[in-house]
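Asker: The following file, target21.cif, comprises mmCIF, C-alpha atoms:
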data_coords
loop_
_atom_site.label_atom_id
_atom_site.label_comp_id
_atom_site.auth_asym_id
_atom_site.auth_seq_id
_atom_site.Cartn_x
_atom_site.Cartn_y
_atom_site.Cartn_z
CA MET C 23 11.13 7.17 25.65
CA ARG C 24 12.77 6.00 28.80
CA TYR C 25 11.14 4.31 31.78
CA LEU C 26 12.84 5.51 34.91
CA THR C 27 13.31 3.23 37.86
CA ARG C 28 15.23 3.56 41.09
CA ARG C 29 17.91 1.37 39.56
CA SER C 30 18.28 3.47 36.42
CA PHE C 31 18.67 6.61 38.53
CA LEU C 32 21.14 5.25 41.05
CA ALA C 33 23.08 2.44 39.40
CA SER C 34 26.24 3.07 37.50
CA ALA C 35 26.02 2.65 33.76
CA ALA C 36 26.50 -0.92 32.64
CA ALA C 37 29.94 -1.55 31.20
CA LEU C 38 29.53 -0.83 27.52
CA THR C 39 32.69 -0.07 25.64
CA ALA C 40 32.29 2.22 22.68
CA ALA C 41 32.58 0.31 19.44
CA PRO C 42 36.20 -0.01 18.42
CA ALA C 43 37.35 1.73 15.33
CA VAL C 44 36.55 -0.38 12.33
CA ALA C 45 37.41 -0.07 8.71
CA ALA C 46 34.62 1.45 6.70
CA PRO C 47 32.62 -1.41 5.21
CA ARG C 48 32.83 -1.90 1.50
CA PRO C 49 29.80 -0.37 -0.17
CA ALA C 50 27.34 -3.03 -1.25
CA PRO C 51 26.50 -3.18 -4.92
CA ALA C 52 23.51 -1.08 -5.84
CA PRO C 53 20.44 -3.30 -5.54
CA GLU C 54 18.08 -3.92 -8.41
CA VAL C 55 15.01 -1.83 -7.61
CA PRO C 56 11.80 -3.10 -9.21
CA ARG C 57 9.61 -0.28 -10.48
CA SER C 58 6.49 -2.33 -11.09
CA GLY C 59 5.37 -5.84 -11.93
CA TRP C 60 5.73 -9.06 -9.97
CA VAL C 61 7.75 -9.31 -6.75
CA ASP C 62 7.67 -11.95 -4.04
CA ALA C 63 6.82 -9.37 -1.38
CA VAL C 64 6.15 -5.66 -0.93
CA VAL C 65 7.26 -3.91 2.25
CA VAL C 66 5.29 -0.73 2.95
CA GLY C 67 7.26 1.74 5.04
CA ALA C 68 11.00 2.21 5.54
CA GLY C 69 11.15 2.77 9.28
CA ALA C 70 12.92 0.31 11.56
CA ALA C 71 10.33 -2.42 11.00
CA GLY C 72 10.43 -2.09 7.23
CA ILE C 73 14.23 -2.04 7.09
CA ALA C 74 14.46 -5.10 9.35
CA ALA C 75 11.91 -6.92 7.20
CA GLY C 76 13.77 -6.01 4.03
CA ARG C 77 17.10 -7.24 5.34
CA ARG C 78 15.48 -10.54 6.35
CA LEU C 79 13.87 -10.97 2.92
CA ALA C 80 17.16 -10.16 1.21
CA ALA C 81 18.97 -12.75 3.31
CA ALA C 82 16.38 -15.32 2.18
CA GLY C 83 17.01 -14.46 -1.46
CA LYS C 84 13.55 -13.07 -2.13
CA ARG C 85 12.69 -10.54 -4.80
CA PHE C 86 10.99 -7.60 -3.11
CA VAL C 87 10.71 -3.83 -2.91
CA VAL C 88 10.44 -1.42 0.02
CA LEU C 89 8.07 1.49 -0.61
CA GLU C 90 8.48 4.63 1.49
CA ALA C 91 6.03 7.54 1.21
CA ALA C 92 8.41 10.16 2.62
CA GLU C 93 11.65 11.32 1.07
CA ASP C 94 13.65 10.38 4.18
CA ILE C 95 14.37 6.83 5.30
CA GLY C 96 13.86 5.87 8.95
CA GLY C 97 10.24 6.62 9.84
CA ARG C 98 10.28 8.06 13.36
CA CYS C 99 14.06 7.62 13.57
CA ILE C 100 15.73 10.24 11.36
CA THR C 101 19.05 12.05 11.79
CA ASP C 102 19.43 15.54 10.34
CA THR C 103 22.85 17.09 9.74
CA LYS C 104 21.82 20.26 7.91
CA ILE C 105 19.91 22.20 10.58
CA PHE C 106 22.78 22.49 13.06
CA GLY C 107 25.70 21.15 11.05
CA VAL C 108 26.04 18.16 13.42
CA PRO C 109 24.00 14.93 13.77
CA TYR C 110 20.63 15.74 15.32
CA ASP C 111 18.10 12.96 15.90
CA ARG C 112 14.71 14.44 15.08
CA GLY C 113 12.95 11.36 16.45
CA ALA C 114 14.22 8.37 18.41
CA HIS C 115 17.62 8.85 20.04
CA TRP C 116 17.95 6.32 22.87
CA ILE C 117 19.28 2.83 22.12
CA TYR C 118 17.69 0.83 24.95
CA ALA C 119 19.13 -2.36 26.43
CA ALA C 120 22.24 -1.88 24.33
CA ASP C 121 23.80 -5.09 25.63
CA ILE C 122 21.13 -7.14 23.83
CA ASN C 123 19.76 -4.64 21.30
CA PRO C 124 20.21 -6.04 17.76
CA LEU C 125 20.80 -2.57 16.34
CA ALA C 126 23.68 -1.92 18.73
CA LYS C 127 25.21 -5.19 17.59
CA LEU C 128 24.87 -4.21 13.92
CA ALA C 129 26.41 -0.76 14.38
CA PRO C 130 30.08 -1.80 14.04
CA GLN C 131 29.30 -3.54 10.76
CA ALA C 132 27.84 -0.26 9.51
CA GLY C 133 30.89 1.72 10.62
CA VAL C 134 28.88 3.59 13.27
CA GLU C 135 30.04 4.26 16.84
CA ILE C 136 27.89 3.34 19.82
CA TYR C 137 28.74 4.67 23.28
CA ALA C 138 27.19 4.24 26.71
CA ALA C 139 24.68 6.74 28.07
CA PRO C 140 25.90 8.46 31.26
CA PRO C 141 24.41 7.19 34.55
CA GLY C 142 21.58 8.96 36.32
CA GLN C 143 19.56 12.10 35.75
CA ARG C 144 19.07 15.32 37.68
CA MET C 145 16.04 17.20 38.96
CA ARG C 146 15.62 20.97 38.85
CA ILE C 147 13.63 22.67 41.61
CA GLY C 148 13.16 26.26 40.62
CA ARG C 149 16.64 27.60 39.85
CA ARG C 150 18.59 24.96 41.72
CA TYR C 151 19.15 21.23 41.50
CA ALA C 152 17.42 18.86 43.89
CA ARG C 153 19.36 17.95 46.99
CA GLU C 154 20.10 14.31 47.72
CA GLY C 155 17.19 13.97 50.14
CA GLU C 156 14.78 15.55 47.68
CA MET C 157 15.93 13.22 44.94
CA GLU C 158 15.43 10.29 47.27
CA ASP C 159 11.87 11.47 47.94
CA PHE C 160 11.16 11.64 44.22
CA LEU C 161 12.70 8.25 43.55
CA ALA C 162 10.66 6.69 46.33
CA SER C 163 7.51 8.24 44.84
CA LEU C 164 8.41 6.95 41.39
CA VAL C 165 9.08 3.45 42.66
CA ARG C 166 5.78 3.38 44.55
CA ALA C 167 3.94 4.58 41.44
CA ASN C 168 5.48 1.87 39.27
CA THR C 169 4.74 -0.77 41.89
CA ALA C 170 1.12 0.36 42.24
CA ILE C 171 0.63 0.27 38.46
CA ALA C 172 2.04 -3.26 38.27
CA ASP C 173 -0.12 -4.42 41.20
CA ALA C 174 -3.25 -2.96 39.59
CA ALA C 175 -2.46 -4.61 36.25
CA ARG C 176 -2.53 -8.05 37.88
CA LYS C 177 -6.17 -7.47 38.83
CA SER C 178 -7.60 -5.53 35.89
CA ASP C 179 -6.39 -3.39 33.01
CA VAL C 180 -7.39 0.12 34.10
CA ALA C 181 -6.04 3.62 33.49
CA CYS C 182 -2.69 4.24 35.16
CA THR C 183 -4.03 7.27 37.00
CA GLN C 184 -6.51 5.04 38.83
CA ALA C 185 -3.64 2.98 40.18
CA LEU C 186 -1.39 5.78 41.43
CA PRO C 187 -0.93 6.04 45.22
CA LYS C 188 -2.93 8.85 46.79
CA ASP C 189 -0.02 10.16 48.84
CA LEU C 190 2.47 11.19 46.17
CA GLY C 191 2.07 14.76 47.36
CA GLU C 192 4.07 17.48 45.59
CA TRP C 193 5.82 14.90 43.41
CA ARG C 194 2.63 13.63 41.74
CA PRO C 195 2.65 16.00 38.71
CA THR C 196 6.31 15.17 38.06
CA VAL C 197 5.75 11.44 38.37
CA GLU C 198 2.79 11.70 36.00
CA PHE C 199 4.89 13.59 33.46
CA VAL C 200 7.87 11.22 33.62
CA LEU C 201 5.74 8.08 33.24
CA GLY C 202 3.12 9.60 30.93
CA PRO C 203 3.94 12.37 28.40
CA TYR C 204 7.70 11.81 28.56
CA GLY C 205 7.60 8.03 28.91
CA CYS C 206 4.85 7.10 26.45
CA SER C 207 3.64 10.37 24.86
CA LYS C 208 0.20 10.26 26.54
CA GLU C 209 -1.39 11.30 29.83
CA LEU C 210 -1.50 8.43 32.29
CA ALA C 211 -5.29 8.60 32.19
CA GLU C 212 -5.01 7.35 28.58
CA VAL C 213 -2.54 4.54 29.28
CA SER C 214 -3.21 0.91 30.20
CA THR C 215 -1.73 -0.36 33.45
CA ALA C 216 -1.12 -3.73 31.79
CA ASP C 217 0.72 -2.09 28.90
CA LEU C 218 2.94 0.08 31.07
CA SER C 219 3.73 -2.71 33.51
CA ARG C 220 4.67 -5.11 30.70
CA ALA C 221 7.08 -2.69 29.04
CA GLY C 222 10.56 -4.17 29.25
CA GLU C 223 13.30 -2.57 31.34
CA ARG C 224 15.10 0.11 29.37
CA ASP C 225 18.34 0.39 31.29
CA ASN C 226 21.85 -0.05 29.86
CA SER C 227 21.12 2.62 27.27
CA ALA C 228 23.48 3.93 24.64
CA PHE C 229 23.68 6.53 21.90
CA CYS C 230 24.92 6.57 18.33
CA ARG C 231 27.66 9.12 17.73
CA GLN C 232 26.58 9.73 14.14
CA GLY C 233 22.87 9.60 15.00
CA PHE C 234 20.40 6.75 15.41
CA GLY C 235 18.77 7.61 12.10
CA THR C 236 22.16 7.45 10.41
CA LEU C 237 22.55 3.89 11.62
CA LEU C 238 19.16 2.90 10.21
CA ALA C 239 19.93 4.58 6.88
CA LYS C 240 23.19 2.65 6.59
CA LEU C 241 21.43 -0.61 7.38
CA ALA C 242 18.91 0.16 4.63
CA ALA C 243 21.46 1.15 2.00
CA SER C 244 21.59 -2.25 0.29
CA LEU C 245 17.82 -2.71 0.04
CA PRO C 246 15.74 -2.28 -3.14
CA MET C 247 13.85 0.81 -2.07
CA LEU C 248 11.69 3.52 -3.60
CA SER C 249 11.32 6.64 -1.47
CA ALA C 250 8.76 9.41 -2.07
CA THR C 251 6.49 6.59 -3.23
CA PRO C 252 3.30 6.49 -1.17
CA VAL C 253 1.08 3.46 -1.45
CA LYS C 254 -2.41 4.43 -2.62
CA SER C 255 -4.14 1.07 -2.32
CA ILE C 256 -3.66 -2.58 -1.46
CA GLU C 257 -6.12 -4.93 -3.14
CA SER C 258 -6.18 -8.55 -2.01
CA TRP C 259 -9.35 -9.97 -3.51
CA SER C 260 -7.40 -12.88 -4.98
CA ARG C 261 -5.66 -15.29 -2.61
CA ALA C 262 -2.97 -15.82 -5.21
CA ARG C 263 -2.12 -12.20 -5.88
CA ILE C 264 -2.13 -8.84 -4.11
CA GLU C 265 -2.02 -5.60 -6.10
CA VAL C 266 -0.21 -2.61 -4.59
CA ASP C 267 -0.77 0.72 -6.36
CA THR C 268 1.55 3.72 -6.14
CA PRO C 269 1.72 6.96 -8.17
CA LYS C 270 4.79 5.50 -9.89
CA GLY C 271 3.43 2.10 -10.81
CA GLN C 272 1.65 -1.07 -9.70
CA PHE C 273 3.18 -4.11 -8.05
CA ARG C 274 1.75 -7.59 -8.01
CA THR C 275 2.88 -9.77 -5.15
CA ALA C 276 2.16 -12.80 -3.01
CA ALA C 277 2.67 -11.02 0.33
CA VAL C 278 2.70 -7.55 1.88
CA ILE C 279 4.42 -6.40 5.07
CA LEU C 280 2.62 -3.26 6.23
CA THR C 281 4.66 -1.21 8.72
CA VAL C 282 2.83 2.12 8.80
CA SER C 283 1.91 3.71 12.15
CA THR C 284 -1.44 2.99 13.75
CA ASN C 285 -2.55 6.57 13.05
CA VAL C 286 -1.78 6.20 9.35
CA LEU C 287 -3.43 2.78 9.32
CA THR C 288 -6.71 4.24 10.63
CA SER C 289 -6.50 7.46 8.59
CA GLY C 290 -7.69 5.97 5.31
CA LYS C 291 -4.57 7.22 3.49
CA ILE C 292 -4.04 3.69 2.16
CA LYS C 293 -7.16 2.21 0.63
CA MET C 294 -7.57 -1.45 1.58
CA ALA C 295 -9.76 -3.67 -0.60
CA PRO C 296 -11.36 -5.50 1.01
CA ASP C 297 -11.47 -3.10 3.94
CA LEU C 298 -9.13 -3.54 6.87
CA PRO C 299 -10.83 -6.14 9.09
CA LYS C 300 -12.87 -4.58 11.89
CA ARG C 301 -10.80 -6.52 14.42
CA HIS C 302 -7.58 -4.91 13.21
CA LEU C 303 -9.13 -1.47 12.81
CA GLU C 304 -10.39 -1.49 16.40
CA ALA C 305 -7.01 -2.69 17.65
CA ALA C 306 -5.19 0.09 15.79
CA THR C 307 -7.62 2.67 17.18
CA LYS C 308 -6.93 1.49 20.74
CA LEU C 309 -3.20 1.76 20.00
CA LYS C 310 -3.23 5.25 18.50
CA LEU C 311 -0.09 7.35 18.73
CA GLY C 312 0.41 9.98 21.40
CA SER C 313 2.29 13.24 21.01
CA ARG C 314 5.94 13.94 21.75
CA ASP C 315 8.25 16.45 20.10
CA HIS C 316 11.75 17.89 20.36
CA VAL C 317 12.56 21.57 20.54
CA ALA C 318 16.26 21.75 19.76
CA LEU C 319 18.29 24.83 20.66
CA GLU C 320 21.90 25.59 19.88
CA LEU C 321 23.36 27.01 23.11
CA THR C 322 26.92 28.15 22.58
CA GLY C 323 29.30 28.31 25.53
CA ASN C 324 27.31 25.76 27.58
CA PRO C 325 25.43 28.42 29.60
CA LEU C 326 23.47 25.73 31.47
CA GLY C 327 26.64 24.02 32.71
CA LEU C 328 25.48 20.60 31.55
CA ARG C 329 27.53 17.51 30.89
CA SER C 330 27.27 15.70 27.56
CA ASP C 331 24.00 13.79 27.17
CA GLU C 332 22.63 14.91 30.54
CA LEU C 333 18.94 14.39 31.25
CA VAL C 334 17.16 16.89 33.50
CA PHE C 335 13.57 17.07 34.77
CA GLU C 336 11.88 19.72 36.87
CA ARG C 337 9.65 19.40 39.90
CA THR C 338 6.47 20.78 38.43
CA GLU C 339 3.03 21.76 39.61
CA SER C 340 1.36 21.69 36.21
CA LYS C 341 1.27 19.85 32.90
CA GLN C 342 3.16 22.66 31.20
CA THR C 343 6.54 21.09 31.74
CA ALA C 344 9.24 19.37 29.72
CA ALA C 345 12.43 17.32 29.90
CA LEU C 346 15.86 18.66 29.01
CA PHE C 347 18.51 16.62 27.20
CA GLY C 348 21.73 18.62 27.19
CA ASN C 349 24.71 18.75 24.85
CA MET C 350 23.68 15.89 22.58
CA SER C 351 26.72 13.70 21.83
CA GLY C 352 29.02 16.45 23.07
CA SER C 353 27.56 19.12 20.77
CA THR C 354 26.04 22.48 21.69
CA ILE C 355 22.55 21.17 20.94
CA CYS C 356 20.10 20.98 23.85
CA VAL C 357 16.75 19.28 23.29
CA ILE C 358 13.59 20.15 25.23
CA ASP C 359 10.98 17.38 25.02
CA VAL C 360 7.27 18.18 25.26
CA GLY C 361 4.52 15.58 25.12
CA GLY C 362 1.04 14.46 26.06
CA SER C 363 -1.95 16.78 25.81
CA PHE C 364 0.12 19.89 26.52
CA GLY C 365 2.67 18.92 23.90
CA ARG C 366 -0.05 18.22 21.35
CA ASP C 367 -1.72 21.59 21.94
CA LEU C 368 1.63 23.38 21.80
CA SER C 369 2.62 21.65 18.56
CA ALA C 370 -0.69 22.66 17.01
CA LYS C 371 0.26 26.33 17.57
CA GLY C 372 3.33 25.95 15.37
CA GLU C 373 7.09 25.85 15.59
CA ALA C 374 7.48 29.44 16.76
CA ALA C 375 5.21 28.86 19.77
CA MET C 376 7.10 25.68 20.64
CA ILE C 377 10.45 27.47 20.55
CA ASP C 378 9.09 30.37 22.61
CA PHE C 379 7.88 27.94 25.28
CA ALA C 380 11.19 26.09 25.38
CA ILE C 381 13.24 29.27 25.82
CA SER C 382 10.85 30.62 28.45
CA TRP C 383 10.85 27.27 30.31
CA LEU C 384 14.64 27.16 30.33
CA GLY C 385 14.72 30.77 31.52
CA GLY C 386 12.55 29.86 34.49
CA LEU C 387 14.99 27.13 35.49
CA TYR C 388 18.36 28.68 34.64
CA GLY C 389 17.77 32.43 34.36
CA THR C 390 16.47 34.67 31.62
CA ASP C 391 19.96 35.30 30.24
CA VAL C 392 19.66 31.88 28.55
CA LYS C 393 17.68 33.56 25.80
CA ASN C 394 20.75 35.50 24.69
CA ALA C 395 22.75 32.29 24.21
CA VAL C 396 20.29 30.67 21.81
CA LYS C 397 21.49 30.56 18.22
CA ARG C 398 19.93 28.17 15.73
CA ARG C 399 16.71 26.43 16.72
CA HIS C 400 14.28 23.81 15.45
CA ALA C 401 11.08 22.08 16.57
CA THR C 402 9.70 18.78 15.34
CA ARG C 403 5.96 18.41 14.75
CA TRP C 404 5.43 14.68 14.38
CA ASN C 405 1.65 15.00 14.60
CA ASN C 406 1.80 16.92 11.32
CA GLU C 407 4.12 14.53 9.48
CA PRO C 408 1.63 13.12 6.95
CA TRP C 409 3.02 9.58 6.96
CA VAL C 410 3.58 9.35 10.73
CA LEU C 411 0.90 11.43 12.53
CA GLY C 412 2.23 11.08 16.08
CA ALA C 413 4.87 9.62 18.37
CA ILE C 414 4.48 6.46 20.47
CA SER C 415 1.76 3.82 20.51
CA ALA C 416 0.72 3.35 24.15
CA ALA C 417 -2.35 1.15 24.63
CA ALA C 418 -5.56 2.64 25.98
CA PRO C 419 -6.89 1.29 29.30
CA GLY C 420 -8.20 -2.23 28.79
CA ALA C 421 -6.52 -2.55 25.40
CA GLN C 422 -3.15 -4.18 26.03
CA SER C 423 -4.31 -7.30 24.17
CA ALA C 424 -4.81 -5.17 21.04
CA ARG C 425 -1.10 -5.52 20.27
CA LYS C 426 -1.44 -9.24 19.70
CA VAL C 427 -4.54 -8.69 17.57
CA LEU C 428 -2.76 -6.09 15.42
CA ALA C 429 0.05 -8.55 14.71
CA GLU C 430 -2.33 -11.19 13.33
CA PRO C 431 -1.93 -11.77 9.55
CA ILE C 432 -4.74 -10.53 7.33
CA SER C 433 -6.02 -13.21 4.94
CA GLY C 434 -2.79 -15.07 5.59
CA ARG C 435 -0.83 -12.77 3.24
CA ILE C 436 -0.75 -9.26 4.72
CA PHE C 437 1.47 -8.97 7.79
CA LEU C 438 1.47 -5.93 10.06
CA ALA C 439 4.65 -4.82 11.83
CA GLY C 440 5.93 -1.84 13.80
CA GLU C 441 6.45 -0.85 17.42
CA ALA C 442 2.70 -1.00 18.09
CA THR C 443 2.67 -4.75 17.44
CA HIS C 444 5.34 -5.57 20.02
CA GLU C 445 3.89 -6.55 23.39
CA THR C 446 6.84 -5.53 25.56
CA ARG C 447 9.13 -3.31 23.44
CA TRP C 448 6.44 -1.00 22.11
CA GLY C 449 7.60 2.57 21.70
CA THR C 450 11.16 1.52 20.87
CA VAL C 451 13.17 1.17 17.70
CA ASN C 452 14.32 -2.30 18.67
CA GLY C 453 10.68 -3.31 19.23
CA ALA C 454 9.86 -2.17 15.70
CA TRP C 455 12.94 -3.98 14.40
CA ASP C 456 11.96 -7.25 16.09
CA SER C 457 8.45 -7.00 14.67
CA GLY C 458 9.78 -6.47 11.15
CA GLU C 459 11.95 -9.56 11.40
CA ARG C 460 8.97 -11.54 12.72
CA ALA C 461 6.80 -10.48 9.78
CA ALA C 462 9.54 -11.25 7.26
CA ASP C 463 10.10 -14.70 8.72
CA ALA C 464 6.38 -15.38 8.30
CA VAL C 465 6.55 -14.26 4.66
CA VAL C 466 9.60 -16.42 3.93
CA LYS C 467 7.80 -19.41 5.45
CA LEU C 468 4.70 -18.63 3.39
CA LEU C 469 6.57 -18.28 0.11
CA GLY C 470 9.02 -21.14 0.50
CA GLY C 471 11.11 -22.23 -2.49
CA PRO C 472 12.99 -19.98 -4.88
CA SER C 473 11.81 -16.57 -5.94
CA ARG C 474 9.26 -16.37 -8.69
CA ARG C 475 10.40 -13.93 -11.37
CA THR C 476 7.80 -13.10 -13.98
#
For the file at hand, write its structure as structure tokens.
Answerer:
Amino acid sequence: MRYLTRRSFLASAAALTAAPAVAAPRPAPAPEVPRSGWVDAVVVGAGAAGIAAGRRLAAAGKRFVVLEAAEDIGGRCITDTKIFGVPYDRGAHWIYAADINPLAKLAPQAGVEIYAAPPGQRMRIGRRYAREGEMEDFLASLVRANTAIADAARKSDVACTQALPKDLGEWRPTVEFVLGPYGCSKELAEVSTADLSRAGERDNSAFCRQGFGTLLAKLAASLPMLSATPVKSIESWSRARIEVDTPKGQFRTAAVILTVSTNVLTSGKIKMAPDLPKRHLEAATKLKLGSRDHVALELTGNPLGLRSDELVFERTESKQTAALFGNMSGSTICVIDVGGSFGRDLSAKGEAAMIDFAISWLGGLYGTDVKNAVKRRHATRWNNEPWVLGAISAAAPGAQSARKVLAEPISGRIFLAGEATHETRWGTVNGAWDSGERAADAVVKLLGGPSRRT
């Protein structure tokens, strides 16, 4: 997700020198991984929030385990190297606010290279790029839309579509796509003005040469973790002990950090006893995930004439549009992003339909010969990932305050974390990371003293 402002289109990239070459860090000793029994804390989920929480607990000397239902580590931030033979981020790719992002600062320690995103984006109008005056018109429309949303949020928390200026003209569908399905994986009619206006600036972006998911996996390598271990139930009838059941064994603990997505939280996949408080359940429902997916195409010979990591939109008249991210990290991989209601419907039709749309859409912008240049291909379907069930958690109109509610501890011993609980960095990996550290700090404060080992 990237929120686009006049500044982020026109300003030069902030000075961000790629991480200098560093010696590969010494591998940490393999951690002791509890298989059952007593631990100080259980972390449920090994996405950014769970990894951050685990690292914080480890630093405090606590005995804990991280339980991940999927086989892969990273949640919605996973790098694949098998599909195309090069790093391909199947989920999150942008490292926002790299100058202050904690993950960017940790990358050199992990032996991973971070480099600055190129400045600006381009707009396609039919089979040509927008002229300077046309781009200025779009930028002005985008700025006015953002300003109107922020102004509306100061009065009441309504749907973003209600706040949009009436005179956006031919740029309105494009503005709605950029801010809605591309920006937060939902139509603007489903997004809170207060939530969108409070989202922090996401300029000064960067990328990870080896993949964002690779960075997370390296940061998780020293943690006591069990993958392919879904949590079946969390029972907290006793204030002194919580029981966490998995197919591989039961853990008894004093605290749980629950980092699953809002859609998983409301799905009933994890049985809570007593039930998840109504207050938290309603908050999670108002913060349900939207839909956003990648269709990745290997285009040999650079037939689109794109620079590395170039972002391209189209001036559209309908919701059946996408965003193009070209030549990821200098590779031949081009990623077409689809989202919102159209993206959800397209994903439901299957990978083949998604790929067909992407190739046809590119053909409409660059010529039908593009089809002949496509080699390997892949489409994500995050709505169908059983332990994710969606993309980004954008608050429904009137529900911005649900983020604070969702972050409230349950019975003083179950702490929720994840991008949905962050009030300004929702929808970002660093927002999830911050929330995981927050939850772990609360657990360390709760536990105090040395670890109990029984």
Asker: Do you know which residues the PyMOL selection byres ((chain C and resi 352) around 10) returns on this file, as a PyMOL selection string?
Answerer: chain C and resi 231+329-332+348-351+353-355
Asker: Any chance you could work out the residue set of the PyMOL selection byres ((chain C and resi 196-202) around 8) here, as a PyMOL selection string?
Answerer: chain C and resi 25-26+160+163-164+167+193-195+203-210+213+336-339+341+343+362
Asker: Name every residue that the PyMOL selection byres ((chain C and resi 267) around 10) selects in this structure, writing the answer as a PyMOL selection string with chains first and numbers rising.
Answerer: chain C and resi 58+251-257+264-266+268-274+292-293
Asker: Just write the chosen residues, C-alpha atoms, as a compact mmCIF listing (two decimals), in the coordinates of the input.
Answerer:
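Saved file part-v2.txt follows:
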# COMPACT_ATOMS: atom_id res chain seq x y z
CA SER C 58 6.49 -2.33 -11.09
CA THR C 251 6.49 6.59 -3.23
CA PRO C 252 3.30 6.49 -1.17
CA VAL C 253 1.08 3.46 -1.45
CA LYS C 254 -2.41 4.43 -2.62
CA SER C 255 -4.14 1.07 -2.32
CA ILE C 256 -3.66 -2.58 -1.46
CA GLU C 257 -6.12 -4.93 -3.14
CA ILE C 264 -2.13 -8.84 -4.11
CA GLU C 265 -2.02 -5.60 -6.10
CA VAL C 266 -0.21 -2.61 -4.59
CA THR C 268 1.55 3.72 -6.14
CA PRO C 269 1.72 6.96 -8.17
CA LYS C 270 4.79 5.50 -9.89
CA GLY C 271 3.43 2.10 -10.81
CA GLN C 272 1.65 -1.07 -9.70
CA PHE C 273 3.18 -4.11 -8.05
CA ARG C 274 1.75 -7.59 -8.01
CA ILE C 292 -4.04 3.69 2.16
CA LYS C 293 -7.16 2.21 0.63
Asker: Applying 12 Å and all atoms listed in the file, which residues near Ala152 in chain C remain after dropping the ones on its own chain fewer than 3 positions away? List them as a list in words.
Answerer: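 The neighbour list is Gln143, Arg144, Met145, Arg146, Ile147, Gly148, Arg149, Gly155, Glu156, Met157, Glu158, Asp159, Phe160, Leu161, Val334, Phe335, Glu336 and Arg337 of chain C.
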Asker: Using all atoms listed in the file, determine which residues lie at most 10 Å from Val64 in chain C, disregarding the query and same-chain residues fewer than 6 positions distant; provide the list as an mmCIF file with C-alpha atoms, in the frame of the given file.
Answerer:
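Resulting contents of around21.cif:
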data_model
loop_
_atom_site.group_PDB
_atom_site.id
_atom_site.type_symbol
_atom_site.label_atom_id
_atom_site.label_comp_id
_atom_site.auth_asym_id
_atom_site.auth_seq_id
_atom_site.Cartn_x
_atom_site.Cartn_y
_atom_site.Cartn_z
ATOM 1 C CA GLY C 72 10.430 -2.090 7.230
ATOM 2 C CA GLY C 76 13.770 -6.010 4.030
ATOM 3 C CA ARG C 85 12.690 -10.540 -4.800
ATOM 4 C CA PHE C 86 10.990 -7.600 -3.110
ATOM 5 C CA VAL C 87 10.710 -3.830 -2.910
ATOM 6 C CA VAL C 88 10.440 -1.420 0.020
ATOM 7 C CA LEU C 89 8.070 1.490 -0.610
ATOM 8 C CA ILE C 264 -2.130 -8.840 -4.110
ATOM 9 C CA GLU C 265 -2.020 -5.600 -6.100
ATOM 10 C CA VAL C 266 -0.210 -2.610 -4.590
ATOM 11 C CA PHE C 273 3.180 -4.110 -8.050
ATOM 12 C CA ARG C 274 1.750 -7.590 -8.010
ATOM 13 C CA THR C 275 2.880 -9.770 -5.150
ATOM 14 C CA ALA C 276 2.160 -12.800 -3.010
ATOM 15 C CA ALA C 277 2.670 -11.020 0.330
ATOM 16 C CA VAL C 278 2.700 -7.550 1.880
ATOM 17 C CA ILE C 279 4.420 -6.400 5.070
ATOM 18 C CA LEU C 280 2.620 -3.260 6.230
ATOM 19 C CA ILE C 436 -0.750 -9.260 4.720
#
Asker: Could you check the closest approach to Asp102 in chain C for each of C:Leu79, C:Ala239, C:Ala174, C:Met247 and tell me which residue wins, using only C-alpha atoms?
Answerer: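 Closest to Asp102 in chain C, using only C-alpha atoms: C:Ala239.
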